[in-house]
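To keep things clear, I will list the structure first and then write my remarks on it.
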Amino acid sequence: MGVARRPEIWLLGGIFLAALLLLAFGHIAEEVIEGDAAKFDQTVMLALRNPSDSSDPLGPAWLEEAARDITGLGSYAVLGFVFCAVVIYLLMIKRRSAALWVSASILGGVLLSNVLKFAFARPRPELVAPLARVFTSSFPSGHATLAAVTYLTLGALLASLHSSRRLKFYFIGLAIILTVAIGLSRVYLGVHYPTDVLAGWCIGAAWAALCWTLARWLQQLGKIEPANDDAVGEGDRANG
């Protein structure tokens, strides 16, 4: 009975996690709309700048360049390249359902991000001089949102292909580190308020969790093929 219920527990856990993240996003959005987040945003952004020159970020020059490099990992160009590469690979190995799931998850996240940006239409920060060019409104952070959607979705996909817990934690952990680093770089570069990034993480992770939960549910129903981890799992066991 415990084994039979295990998939149901995972599904309920995914729904619960997504619900918590959506509630967190709603709370942040409410604080932003009412203006209660202004002091927090200002404090954090100024803490990352030279007290005598708000156009100068803290740290050596190489850190600023590193932040630009990291923030590029959440750009449309890089995420689009990663997305296309993964989908083509999945189609080549005849994992059409997985390719469809990845496509729906990431493209749906892009649509969600742009709809929210249009709905809130929050101006970009003017408190400090931005260190990167921007073209859209501020809330939620598109880089934070789409990094969470893309990297968490791909992390979950890679984790599902392995039976080793170490590899599962590695892929999920790597996805989380990338997502967090990209979001922090946006605040450091002065192109987003901290609440923009927090909201982006919440809504992006919530969307990824919902898509993952739906995929697991469809696997339970036999609508899409389960993760084919037999060959990979044997390799993991041999190496372990």
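Here's how to read the names in the structure tokens: chain A, B, ... by the order shown, residue numbers from 1 in each chain, ligand numbers from 1 in the order shown.
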Output as JSON lines one row per residue of stretch 121-145 of chain A within 12 Å of stretch 109-114 of chain A: the closest atom pair and its distance in Å to one decimal place, counting only C-alpha atoms, sorted by chain and residue number ascending.
```
{"residue": "A:Ala121", "atom": "CA", "partner": "A:Asn114", "partner_atom": "CA", "distance": 10.2}
{"residue": "A:Thr136", "atom": "CA", "partner": "A:Asn114", "partner_atom": "CA", "distance": 9.0}
{"residue": "A:Ser137", "atom": "CA", "partner": "A:Asn114", "partner_atom": "CA", "distance": 9.3}
{"residue": "A:Ser138", "atom": "CA", "partner": "A:Asn114", "partner_atom": "CA", "distance": 10.7}
{"residue": "A:Phe139", "atom": "CA", "partner": "A:Ser113", "partner_atom": "CA", "distance": 9.1}
{"residue": "A:Pro140", "atom": "CA", "partner": "A:Ser113", "partner_atom": "CA", "distance": 7.3}
{"residue": "A:Ser141", "atom": "CA", "partner": "A:Ser113", "partner_atom": "CA", "distance": 8.1}
{"residue": "A:Gly142", "atom": "CA", "partner": "A:Ser113", "partner_atom": "CA", "distance": 6.1}
{"residue": "A:His143", "atom": "CA", "partner": "A:Ser113", "partner_atom": "CA", "distance": 9.3}
{"residue": "A:Ala144", "atom": "CA", "partner": "A:Ser113", "partner_atom": "CA", "distance": 9.7}
{"residue": "A:Thr145", "atom": "CA", "partner": "A:Ser113", "partner_atom": "CA", "distance": 6.6}
```
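Residue-level DSSP output for stretch 2-186 of chain A, from the backbone, shows strand (DSSP E) at Arg49, Asn50, Asp53, Ser54, Ser55, Asp56 and Pro57 of chain A.
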Practice item. Considering only C-alpha atoms, return as a PyMOL selection string whatever protein or nucleic-acid residues lie within 12 Å of stretch 56-67 of chain A, sequence-local ones (same chain, fewer than 2 positions apart) excluded. Key: chain A and resi 45-54+69-74+128-132+181-191
Which residues of stretch 35-152 of chain A come within 10 Å of stretch 170-176 of chain A, and what is each one's closest atom pair and distance in Å (one decimal), counting only C-alpha atoms, sorted by chain and residue number, as a tab-separated table?
```
residue	atom	partner	partner_atom	distance
A:Ala147	CA	A:Ala175	CA	8.6
A:Ala148	CA	A:Ile176	CA	7.6
A:Val149	CA	A:Ala175	CA	9.8
A:Thr150	CA	A:Ala175	CA	8.7
A:Tyr151	CA	A:Ala175	CA	5.0
A:Leu152	CA	A:Ala175	CA	5.3
```
Next, write the just-selected residues to a file, as a PDB file, in the first residue's frame, keeping N, CA and C atoms as the atom set.
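That gives us selection_16.pdb:
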```pdb
ATOM      1  N   ALA A 147      14.657  31.793 -16.090  1.00  0.00           N
ATOM      2  CA  ALA A 147      15.724  30.922 -15.602  1.00  0.00           C
ATOM      3  C   ALA A 147      15.131  29.822 -14.732  1.00  0.00           C
ATOM      4  N   ALA A 148      14.197  30.189 -13.847  1.00  0.00           N
ATOM      5  CA  ALA A 148      13.550  29.186 -13.001  1.00  0.00           C
ATOM      6  C   ALA A 148      12.771  28.184 -13.850  1.00  0.00           C
ATOM      7  N   VAL A 149      11.993  28.685 -14.798  1.00  0.00           N
ATOM      8  CA  VAL A 149      11.199  27.800 -15.653  1.00  0.00           C
ATOM      9  C   VAL A 149      12.110  26.860 -16.438  1.00  0.00           C
ATOM     10  N   THR A 150      13.100  27.402 -17.116  1.00  0.00           N
ATOM     11  CA  THR A 150      13.932  26.605 -18.018  1.00  0.00           C
ATOM     12  C   THR A 150      14.855  25.657 -17.266  1.00  0.00           C
ATOM     13  N   TYR A 151      15.640  26.183 -16.356  1.00  0.00           N
ATOM     14  CA  TYR A 151      16.645  25.347 -15.706  1.00  0.00           C
ATOM     15  C   TYR A 151      16.020  24.345 -14.730  1.00  0.00           C
ATOM     16  N   LEU A 152      14.959  24.725 -14.046  1.00  0.00           N
ATOM     17  CA  LEU A 152      14.301  23.765 -13.154  1.00  0.00           C
ATOM     18  C   LEU A 152      13.596  22.670 -13.953  1.00  0.00           C
TER      19      LEU A 152
END
```
Which neighbours of stretch 27-29 of chain A fall inside 7 Å, counting only C-alpha atoms, when residues of the same chain fewer than 4 positions from it are skipped, and could you give them as a PDB file with C-alpha atoms, in the first residue's frame?
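Generated output (result25.pdb):
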```pdb
ATOM      1  CA  LEU A  23       0.881  32.534  -2.533  1.00  0.00           C
ATOM      2  CA  ILE A  33       1.361  47.484  -5.648  1.00  0.00           C
ATOM      3  CA  THR A 195      11.180  42.130  -5.189  1.00  0.00           C
ATOM      4  CA  ALA A 199       8.589  37.377  -7.566  1.00  0.00           C
TER       5      ALA A 199
END
```
